[in-house]
Amino acid sequence: MVLVAVLLFSVDAQAISAQKAILMDAQTGRVLYEHRADEESLIASTTKIMTALVVCQQCNVLDRVKIPREAVGIEGSSMYLKEGEVLTVQELLYGLMLQSGNDAAVALAIYAGGTVEGFVQLMNDKARSLGLSNTHFENPNGLDAPDHHSTARDLAVLAAYAMEDPIFEKTVSTKQLRIGERCLTNHNKLLWRLDGAEGVKTGFTKAAGRILVSSASRNDRRLICVTIHAPDDWNDHIQLMEQGFRDYQVKTIVSAGDVIGYRPVMGGDGTKVAIISKDDFAYALAEGERPEICMDTRAFAYAPIAEGADAGYAYVMLGDRIAGRIGVTYGNTVEQEQETEKKSIWERWFGG
């Protein structure tokens, strides 16, 4: 299913401090607001979203990790690891995502990838597989580097995907945790300030500015917000999230098994065949929006037709833009017409 932005809600540009921003409905992929969302930027510690995701997918979180010398004394934010101490992968993930530990990032990278360089390759491979075409990593912690960058849109897609991983979600939504003598407090203040907030990651360097990726859920609906170089990022996210939840509601447009139209049949003992939706299709809609279902450009079908056979696609339209694509099948069998004397098209369709 392919989804695109169709209508963006209106936000006073002066009310948002971010130089670049996006708000996306995670369930449907609809972009509700965007501003310079495809411009590449330094991303600081929001890099650790990808680091944590790759670790969650590559490692058993109960594995015990002996901290190597290379992971000690890393510049920037730290959970103050000591060479030779042993922590679980899950404990290091908490240090990575709550404390934003650059040392935890290096320890996890070496454990999961063999070397930091090997792990960074895994990060870039994952970025490509997710279609993050404007993203490239040079390290697992987000320290400024010449070719280390992403965009607001890519970070939103990454965060929406990562939040589907239960271990990742549990980690980034944790407010406080004690690990031995260490007391970790999540740097994400939205967990205390925004109803339904559940992560994801803060970031800051002098060159990158303040960067924030957030996720919030209400009534089984999740929004993802990203701001880049935003001096007032907490309030930016609260305003965008509140407006997104208020102004848009996810509605089921088509359910699997619905008849969405008919297609004329050539050479069959019936004149038309039902077209059936393969899947449910839901979309975030504003008040007054009325989507339409349009068939693809096939003018007719040729008999014989088997019920359940692939019939191509139908498109959900909002105005003149495509909101989504739905796979469709034929809803009934149409046998090939058997005649001793071949009738003309006019006779077959109109009886003479």
# chains A, B, ... in the order shown; residues from 1 in each chain; ligands from 1
$ select_by_dssp --residues "stretch 252-349 of chain A" --states "alpha helix (DSSP H)" --output "number ranges by chain"
A: 345-349
$ write_last_selection --atoms "C-alpha atoms" --output "PDB file, in the first residue's frame"
ATOM      1  CA  ILE A 345     -19.691  -6.852 -29.429  1.00  0.00           C
ATOM      2  CA  TRP A 346     -22.910  -4.840 -29.774  1.00  0.00           C
ATOM      3  CA  GLU A 347     -25.034  -8.012 -29.710  1.00  0.00           C
ATOM      4  CA  ARG A 348     -23.207  -9.431 -26.707  1.00  0.00           C
ATOM      5  CA  TRP A 349     -23.380  -6.237 -24.689  1.00  0.00           C
TER       6      TRP A 349
END
$ select_by_dssp --residues "stretch 251-339 of chain A" --states "strand (DSSP E or B)" --output "count of residues only"
53
$ residues_around --residues "stretch 282-289 of chain A" --least-positions-apart "4" --cutoff "7 Å" --atoms "only C-alpha atoms" --output "ChimeraX atom specification"
/A:28,30,247-253
$ closest_residue --among "A:Val334, A:Leu184, A:Leu191, A:Ile228" --to "A:Ser215" --atoms "only C-alpha atoms"
A:Leu191
$ residues_around --residues "stretch 96-107 of chain A" --least-positions-apart "2" --cutoff "8 Å" --atoms "only C-alpha atoms" --output "mmCIF file with N, CA, C and O atoms, in the first residue's frame"
data_model
loop_
_atom_site.group_PDB
_atom_site.id
_atom_site.type_symbol
_atom_site.label_atom_id
_atom_site.label_comp_id
_atom_site.auth_asym_id
_atom_site.auth_seq_id
_atom_site.Cartn_x
_atom_site.Cartn_y
_atom_site.Cartn_z
ATOM 1 N N SER A 45 21.907 13.002 18.841
ATOM 2 C CA SER A 45 21.618 11.726 19.504
ATOM 3 C C SER A 45 20.337 11.052 19.049
ATOM 4 O O SER A 45 20.063 9.920 19.482
ATOM 5 N N LYS A 48 20.507 7.524 17.850
ATOM 6 C CA LYS A 48 20.406 6.341 18.704
ATOM 7 C C LYS A 48 19.094 5.595 18.518
ATOM 8 O O LYS A 48 18.965 4.454 18.996
ATOM 9 N N ILE A 49 18.127 6.196 17.840
ATOM 10 C CA ILE A 49 16.919 5.447 17.480
ATOM 11 C C ILE A 49 17.298 4.268 16.595
ATOM 12 O O ILE A 49 16.871 3.134 16.820
ATOM 13 N N THR A 51 20.377 3.016 16.301
ATOM 14 C CA THR A 51 21.264 2.155 17.076
ATOM 15 C C THR A 51 20.459 1.162 17.911
ATOM 16 O O THR A 51 20.702 -0.050 17.888
ATOM 17 N N ALA A 52 19.463 1.677 18.643
ATOM 18 C CA ALA A 52 18.646 0.810 19.488
ATOM 19 C C ALA A 52 17.837 -0.180 18.668
ATOM 20 O O ALA A 52 17.701 -1.351 19.050
ATOM 21 N N ILE A 67 32.130 -4.745 29.176
ATOM 22 C CA ILE A 67 32.419 -3.442 28.576
ATOM 23 C C ILE A 67 33.878 -3.384 28.127
ATOM 24 O O ILE A 67 34.804 -3.548 28.940
ATOM 25 N N PRO A 68 34.119 -3.140 26.833
ATOM 26 C CA PRO A 68 35.488 -3.059 26.330
ATOM 27 C C PRO A 68 36.100 -1.675 26.586
ATOM 28 O O PRO A 68 35.388 -0.704 26.845
ATOM 29 N N GLU A 70 37.318 0.333 24.525
ATOM 30 C CA GLU A 70 36.939 1.318 23.502
ATOM 31 C C GLU A 70 35.653 2.064 23.845
ATOM 32 O O GLU A 70 35.385 3.133 23.287
ATOM 33 N N ALA A 71 34.860 1.511 24.767
ATOM 34 C CA ALA A 71 33.576 2.133 25.105
ATOM 35 C C ALA A 71 33.660 3.017 26.343
ATOM 36 O O ALA A 71 32.641 3.548 26.791
ATOM 37 N N VAL A 72 34.834 3.222 26.880
ATOM 38 C CA VAL A 72 35.000 3.994 28.108
ATOM 39 C C VAL A 72 35.548 5.386 27.778
ATOM 40 O O VAL A 72 36.453 5.531 26.957
ATOM 41 N N GLY A 73 34.968 6.396 28.434
ATOM 42 C CA GLY A 73 35.484 7.763 28.272
ATOM 43 C C GLY A 73 35.115 8.414 26.957
ATOM 44 O O GLY A 73 35.825 9.308 26.492
ATOM 45 N N ILE A 74 34.000 8.010 26.346
ATOM 46 C CA ILE A 74 33.549 8.629 25.102
ATOM 47 C C ILE A 74 33.049 10.038 25.393
ATOM 48 O O ILE A 74 32.376 10.281 26.400
ATOM 49 N N GLU A 75 33.354 10.974 24.534
ATOM 50 C CA GLU A 75 32.956 12.368 24.760
ATOM 51 C C GLU A 75 31.437 12.527 24.720
ATOM 52 O O GLU A 75 30.719 11.710 24.147
ATOM 53 N N GLY A 76 30.963 13.594 25.333
ATOM 54 C CA GLY A 76 29.536 13.903 25.321
ATOM 55 C C GLY A 76 28.784 13.182 26.437
ATOM 56 O O GLY A 76 29.361 12.728 27.427
ATOM 57 N N SER A 77 27.466 13.072 26.264
ATOM 58 C CA SER A 77 26.622 12.455 27.294
ATOM 59 C C SER A 77 27.047 11.009 27.525
ATOM 60 O O SER A 77 27.455 10.305 26.600
ATOM 61 N N SER A 78 26.908 10.546 28.777
ATOM 62 C CA SER A 78 27.494 9.255 29.131
ATOM 63 C C SER A 78 26.736 8.611 30.285
ATOM 64 O O SER A 78 26.109 9.289 31.091
ATOM 65 N N MET A 79 26.775 7.285 30.332
ATOM 66 C CA MET A 79 26.298 6.569 31.516
ATOM 67 C C MET A 79 27.475 6.101 32.361
ATOM 68 O O MET A 79 27.316 5.359 33.317
ATOM 69 N N TYR A 80 28.690 6.556 31.985
ATOM 70 C CA TYR A 80 29.920 6.360 32.761
ATOM 71 C C TYR A 80 30.238 4.883 32.975
ATOM 72 O O TYR A 80 30.361 4.391 34.104
ATOM 73 N N LEU A 81 30.362 4.201 31.841
ATOM 74 C CA LEU A 81 30.727 2.793 31.880
ATOM 75 C C LEU A 81 32.176 2.627 32.326
ATOM 76 O O LEU A 81 33.028 3.491 32.077
ATOM 77 N N LEU A 92 22.073 -1.696 28.893
ATOM 78 C CA LEU A 92 22.783 -0.756 28.023
ATOM 79 C C LEU A 92 21.805 0.021 27.139
ATOM 80 O O LEU A 92 22.025 1.200 26.847
ATOM 81 N N LEU A 93 20.721 -0.623 26.727
ATOM 82 C CA LEU A 93 19.697 0.092 25.944
ATOM 83 C C LEU A 93 19.065 1.200 26.777
ATOM 84 O O LEU A 93 18.804 2.294 26.259
ATOM 85 N N TYR A 94 18.820 0.926 28.059
ATOM 86 C CA TYR A 94 18.297 1.986 28.927
ATOM 87 C C TYR A 94 19.303 3.129 29.038
ATOM 88 O O TYR A 94 18.934 4.309 28.983
ATOM 89 N N ALA A 109 27.427 -1.245 19.937
ATOM 90 C CA ALA A 109 27.862 -1.387 18.543
ATOM 91 C C ALA A 109 28.924 -2.474 18.415
ATOM 92 O O ALA A 109 28.865 -3.311 17.501
ATOM 93 N N ILE A 110 29.883 -2.475 19.325
ATOM 94 C CA ILE A 110 30.938 -3.484 19.266
ATOM 95 C C ILE A 110 30.365 -4.871 19.539
ATOM 96 O O ILE A 110 30.723 -5.849 18.867
ATOM 97 N N TYR A 111 29.438 -4.962 20.485
ATOM 98 C CA TYR A 111 28.859 -6.265 20.807
ATOM 99 C C TYR A 111 28.022 -6.807 19.649
ATOM 100 O O TYR A 111 28.116 -7.985 19.298
ATOM 101 N N VAL A 116 32.778 -1.072 15.666
ATOM 102 C CA VAL A 116 31.901 0.077 15.442
ATOM 103 C C VAL A 116 31.607 0.234 13.960
ATOM 104 O O VAL A 116 30.456 0.477 13.553
ATOM 105 N N PRO A 140 27.461 5.348 15.837
ATOM 106 C CA PRO A 140 26.229 4.886 16.478
ATOM 107 C C PRO A 140 25.663 5.842 17.525
ATOM 108 O O PRO A 140 24.639 5.538 18.136
ATOM 109 N N ASN A 141 26.341 6.987 17.757
ATOM 110 C CA ASN A 141 25.905 7.864 18.842
ATOM 111 C C ASN A 141 25.445 9.247 18.402
ATOM 112 O O ASN A 141 24.796 9.950 19.173
ATOM 113 N N THR A 171 11.543 0.402 26.182
ATOM 114 C CA THR A 171 12.754 1.113 26.589
ATOM 115 C C THR A 171 12.545 2.622 26.552
ATOM 116 O O THR A 171 12.804 3.326 27.531
ATOM 117 N N VAL A 172 12.061 3.148 25.421
ATOM 118 C CA VAL A 172 11.978 4.608 25.263
ATOM 119 C C VAL A 172 10.839 5.227 26.059
ATOM 120 O O VAL A 172 10.820 6.439 26.277
ATOM 121 N N THR A 174 10.156 4.339 29.191
ATOM 122 C CA THR A 174 10.510 4.269 30.609
ATOM 123 C C THR A 174 10.971 5.636 31.106
ATOM 124 O O THR A 174 11.838 6.263 30.496
ATOM 125 N N LYS A 175 10.395 6.094 32.211
ATOM 126 C CA LYS A 175 10.731 7.418 32.732
ATOM 127 C C LYS A 175 12.001 7.391 33.588
ATOM 128 O O LYS A 175 12.887 8.230 33.428
ATOM 129 N N GLN A 176 12.061 6.466 34.508
ATOM 130 C CA GLN A 176 13.210 6.374 35.410
ATOM 131 C C GLN A 176 13.533 4.917 35.686
ATOM 132 O O GLN A 176 12.642 4.056 35.661
ATOM 133 N N LEU A 184 18.906 6.299 36.328
ATOM 134 C CA LEU A 184 18.729 6.894 35.003
ATOM 135 C C LEU A 184 17.371 7.579 34.927
ATOM 136 O O LEU A 184 16.352 7.008 35.315
ATOM 137 N N THR A 185 17.358 8.794 34.384
ATOM 138 C CA THR A 185 16.119 9.539 34.166
ATOM 139 C C THR A 185 16.029 9.907 32.696
ATOM 140 O O THR A 185 16.985 10.443 32.122
ATOM 141 N N ASN A 186 14.899 9.596 32.077
ATOM 142 C CA ASN A 186 14.711 9.865 30.652
ATOM 143 C C ASN A 186 14.780 11.367 30.394
ATOM 144 O O ASN A 186 14.123 12.158 31.076
ATOM 145 N N HIS A 187 15.579 11.763 29.403
ATOM 146 C CA HIS A 187 15.721 13.174 29.048
ATOM 147 C C HIS A 187 14.490 13.732 28.341
ATOM 148 O O HIS A 187 14.379 14.943 28.167
ATOM 149 N N ASN A 188 13.585 12.865 27.937
ATOM 150 C CA ASN A 188 12.405 13.301 27.172
ATOM 151 C C ASN A 188 11.325 13.827 28.116
ATOM 152 O O ASN A 188 10.540 13.062 28.686
ATOM 153 N N LYS A 201 13.174 10.188 21.399
ATOM 154 C CA LYS A 201 14.572 10.512 21.687
ATOM 155 C C LYS A 201 14.845 12.001 21.485
ATOM 156 O O LYS A 201 14.345 12.616 20.541
#
$ residues_around --residues "A:Val213" --least-positions-apart "3" --cutoff "6 Å" --atoms "only C-alpha atoms" --output "list in words"
Val200, Lys201, Cys225 and Val226 of chain A
$ write_last_selection --atoms "all heavy atoms" --output "PDB file, in the first residue's frame"
ATOM      1  N   VAL A 200      10.278   9.657  21.886  1.00  0.00           N
ATOM      2  CA  VAL A 200      11.226   8.609  21.524  1.00  0.00           C
ATOM      3  C   VAL A 200      12.654   9.030  21.926  1.00  0.00           C
ATOM      4  O   VAL A 200      13.309   8.335  22.676  1.00  0.00           O
ATOM      5  CB  VAL A 200      11.164   8.340  20.015  1.00  0.00           C
ATOM      6  CG1 VAL A 200      12.230   7.314  19.588  1.00  0.00           C
ATOM      7  CG2 VAL A 200       9.796   7.816  19.628  1.00  0.00           C
ATOM      8  N   LYS A 201      13.174  10.188  21.399  1.00  0.00           N
ATOM      9  CA  LYS A 201      14.572  10.512  21.687  1.00  0.00           C
ATOM     10  C   LYS A 201      14.845  12.001  21.485  1.00  0.00           C
ATOM     11  O   LYS A 201      14.345  12.616  20.541  1.00  0.00           O
ATOM     12  CB  LYS A 201      15.503   9.712  20.759  1.00  0.00           C
ATOM     13  CG  LYS A 201      16.978   9.827  21.131  1.00  0.00           C
ATOM     14  CD  LYS A 201      17.274   9.142  22.445  1.00  0.00           C
ATOM     15  CE  LYS A 201      18.706   9.362  22.925  1.00  0.00           C
ATOM     16  NZ  LYS A 201      18.908  10.732  23.469  1.00  0.00           N
ATOM     17  N   CYS A 225       6.136  12.905  15.824  1.00  0.00           N
ATOM     18  CA  CYS A 225       6.522  14.286  15.528  1.00  0.00           C
ATOM     19  C   CYS A 225       8.040  14.404  15.560  1.00  0.00           C
ATOM     20  O   CYS A 225       8.694  13.800  16.423  1.00  0.00           O
ATOM     21  CB  CYS A 225       5.890  15.241  16.537  1.00  0.00           C
ATOM     22  SG  CYS A 225       6.137  16.994  16.156  1.00  0.00           S
ATOM     23  N   VAL A 226       8.591  15.167  14.621  1.00  0.00           N
ATOM     24  CA  VAL A 226      10.030  15.418  14.565  1.00  0.00           C
ATOM     25  C   VAL A 226      10.248  16.910  14.375  1.00  0.00           C
ATOM     26  O   VAL A 226       9.627  17.527  13.504  1.00  0.00           O
ATOM     27  CB  VAL A 226      10.708  14.657  13.409  1.00  0.00           C
ATOM     28  CG1 VAL A 226      12.216  14.948  13.387  1.00  0.00           C
ATOM     29  CG2 VAL A 226      10.449  13.166  13.506  1.00  0.00           C
TER      30      VAL A 226
END
$ decode --residues "stretch 303-342 of chain A" --atoms "N, CA and C atoms" --output "tab-separated table (two decimals), in the first residue's frame"
chain	number	residue	atom	x	y	z
A	303	ALA	N	-13.13	-12.80	-20.14
A	303	ALA	CA	-13.50	-14.13	-19.63
A	303	ALA	C	-12.55	-15.18	-20.20
A	304	PRO	N	-12.32	-16.28	-19.48
A	304	PRO	CA	-12.94	-16.65	-18.21
A	304	PRO	C	-12.29	-15.92	-17.03
A	305	ILE	N	-13.07	-15.74	-15.97
A	305	ILE	CA	-12.60	-15.06	-14.76
A	305	ILE	C	-12.91	-15.96	-13.56
A	306	ALA	N	-11.91	-16.19	-12.73
A	306	ALA	CA	-12.10	-17.03	-11.54
A	306	ALA	C	-12.31	-16.15	-10.32
A	307	GLU	N	-13.28	-16.50	-9.53
A	307	GLU	CA	-13.52	-15.76	-8.29
A	307	GLU	C	-12.26	-15.78	-7.43
A	308	GLY	N	-11.88	-14.62	-6.91
A	308	GLY	CA	-10.69	-14.50	-6.07
A	308	GLY	C	-9.42	-14.21	-6.82
A	309	ALA	N	-9.47	-14.22	-8.17
A	309	ALA	CA	-8.27	-13.92	-8.96
A	309	ALA	C	-7.91	-12.44	-8.82
A	310	ASP	N	-6.62	-12.15	-8.96
A	310	ASP	CA	-6.14	-10.78	-8.84
A	310	ASP	C	-6.79	-9.89	-9.89
A	311	ALA	N	-7.25	-8.72	-9.44
A	311	ALA	CA	-7.90	-7.78	-10.35
A	311	ALA	C	-7.19	-6.43	-10.41
A	312	GLY	N	-5.97	-6.38	-9.87
A	312	GLY	CA	-5.21	-5.13	-9.92
A	312	GLY	C	-5.39	-4.30	-8.67
A	313	TYR	N	-5.63	-3.00	-8.86
A	313	TYR	CA	-5.71	-2.08	-7.74
A	313	TYR	C	-6.87	-1.11	-7.90
A	314	ALA	N	-7.31	-0.61	-6.76
A	314	ALA	CA	-8.18	0.55	-6.72
A	314	ALA	C	-7.45	1.62	-5.93
A	315	TYR	N	-7.84	2.87	-6.11
A	315	TYR	CA	-7.14	3.99	-5.48
A	315	TYR	C	-8.10	4.80	-4.63
A	316	VAL	N	-7.62	5.18	-3.44
A	316	VAL	CA	-8.38	6.09	-2.58
A	316	VAL	C	-7.92	7.50	-2.90
A	317	MET	N	-8.86	8.34	-3.31
A	317	MET	CA	-8.54	9.69	-3.75
A	317	MET	C	-9.10	10.71	-2.76
A	318	LEU	N	-8.29	11.71	-2.45
A	318	LEU	CA	-8.76	12.90	-1.75
A	318	LEU	C	-8.50	14.07	-2.68
A	319	GLY	N	-9.58	14.59	-3.25
A	319	GLY	CA	-9.41	15.60	-4.29
A	319	GLY	C	-8.74	14.98	-5.49
A	320	ASP	N	-7.66	15.59	-5.96
A	320	ASP	CA	-6.96	15.07	-7.14
A	320	ASP	C	-5.68	14.32	-6.76
A	321	ARG	N	-5.55	13.94	-5.50
A	321	ARG	CA	-4.34	13.26	-5.05
A	321	ARG	C	-4.67	11.86	-4.54
A	322	ILE	N	-3.69	10.96	-4.68
A	322	ILE	CA	-3.86	9.58	-4.23
A	322	ILE	C	-3.50	9.49	-2.76
A	323	ALA	N	-4.46	9.05	-1.96
A	323	ALA	CA	-4.21	8.83	-0.54
A	323	ALA	C	-3.71	7.42	-0.27
A	324	GLY	N	-4.08	6.46	-1.12
A	324	GLY	CA	-3.64	5.09	-0.92
A	324	GLY	C	-4.06	4.19	-2.05
A	325	ARG	N	-3.47	3.00	-2.08
A	325	ARG	CA	-3.73	2.00	-3.11
A	325	ARG	C	-4.18	0.71	-2.44
A	326	ILE	N	-5.22	0.10	-2.97
A	326	ILE	CA	-5.80	-1.10	-2.38
A	326	ILE	C	-5.77	-2.24	-3.40
A	327	GLY	N	-5.25	-3.38	-3.00
A	327	GLY	CA	-5.31	-4.56	-3.86
A	327	GLY	C	-6.74	-5.06	-3.97
A	328	VAL	N	-7.15	-5.50	-5.17
A	328	VAL	CA	-8.53	-5.96	-5.37
A	328	VAL	C	-8.53	-7.31	-6.10
A	329	THR	N	-9.62	-8.05	-5.93
A	329	THR	CA	-9.81	-9.33	-6.59
A	329	THR	C	-11.17	-9.35	-7.26
A	330	TYR	N	-11.37	-10.35	-8.12
A	330	TYR	CA	-12.68	-10.54	-8.73
A	330	TYR	C	-13.60	-11.25	-7.75
A	331	GLY	N	-14.84	-10.78	-7.70
A	331	GLY	CA	-15.78	-11.27	-6.70
A	331	GLY	C	-16.63	-12.44	-7.13
A	332	ASN	N	-16.61	-12.78	-8.39
A	332	ASN	CA	-17.42	-13.93	-8.85
A	332	ASN	C	-16.77	-14.53	-10.09
A	333	THR	N	-17.16	-15.76	-10.37
A	333	THR	CA	-16.64	-16.47	-11.55
A	333	THR	C	-17.47	-16.12	-12.76
A	334	VAL	N	-16.81	-15.88	-13.87
A	334	VAL	CA	-17.49	-15.64	-15.15
A	334	VAL	C	-16.92	-16.62	-16.16
A	335	GLU	N	-17.77	-17.55	-16.63
A	335	GLU	CA	-17.33	-18.54	-17.61
A	335	GLU	C	-17.22	-17.90	-18.98
A	336	GLN	N	-16.36	-18.50	-19.80
A	336	GLN	CA	-16.22	-18.01	-21.16
A	336	GLN	C	-17.48	-18.35	-21.96
A	337	GLU	N	-17.91	-17.42	-22.75
A	337	GLU	CA	-19.13	-17.60	-23.53
A	337	GLU	C	-18.93	-18.70	-24.57
A	338	GLN	N	-19.89	-19.64	-24.64
A	338	GLN	CA	-19.83	-20.72	-25.62
A	338	GLN	C	-20.93	-20.51	-26.66
A	339	GLU	N	-20.53	-20.22	-27.90
A	339	GLU	CA	-21.51	-19.97	-28.96
A	339	GLU	C	-21.02	-20.63	-30.24
A	340	THR	N	-21.97	-21.16	-30.96
A	340	THR	CA	-21.64	-21.71	-32.28
A	340	THR	C	-21.48	-20.58	-33.29
A	341	GLU	N	-22.26	-19.55	-33.13
A	341	GLU	CA	-22.17	-18.42	-34.05
A	341	GLU	C	-21.71	-17.21	-33.25
A	342	LYS	N	-20.58	-16.68	-33.61
A	342	LYS	CA	-20.01	-15.58	-32.86
A	342	LYS	C	-20.84	-14.31	-33.03
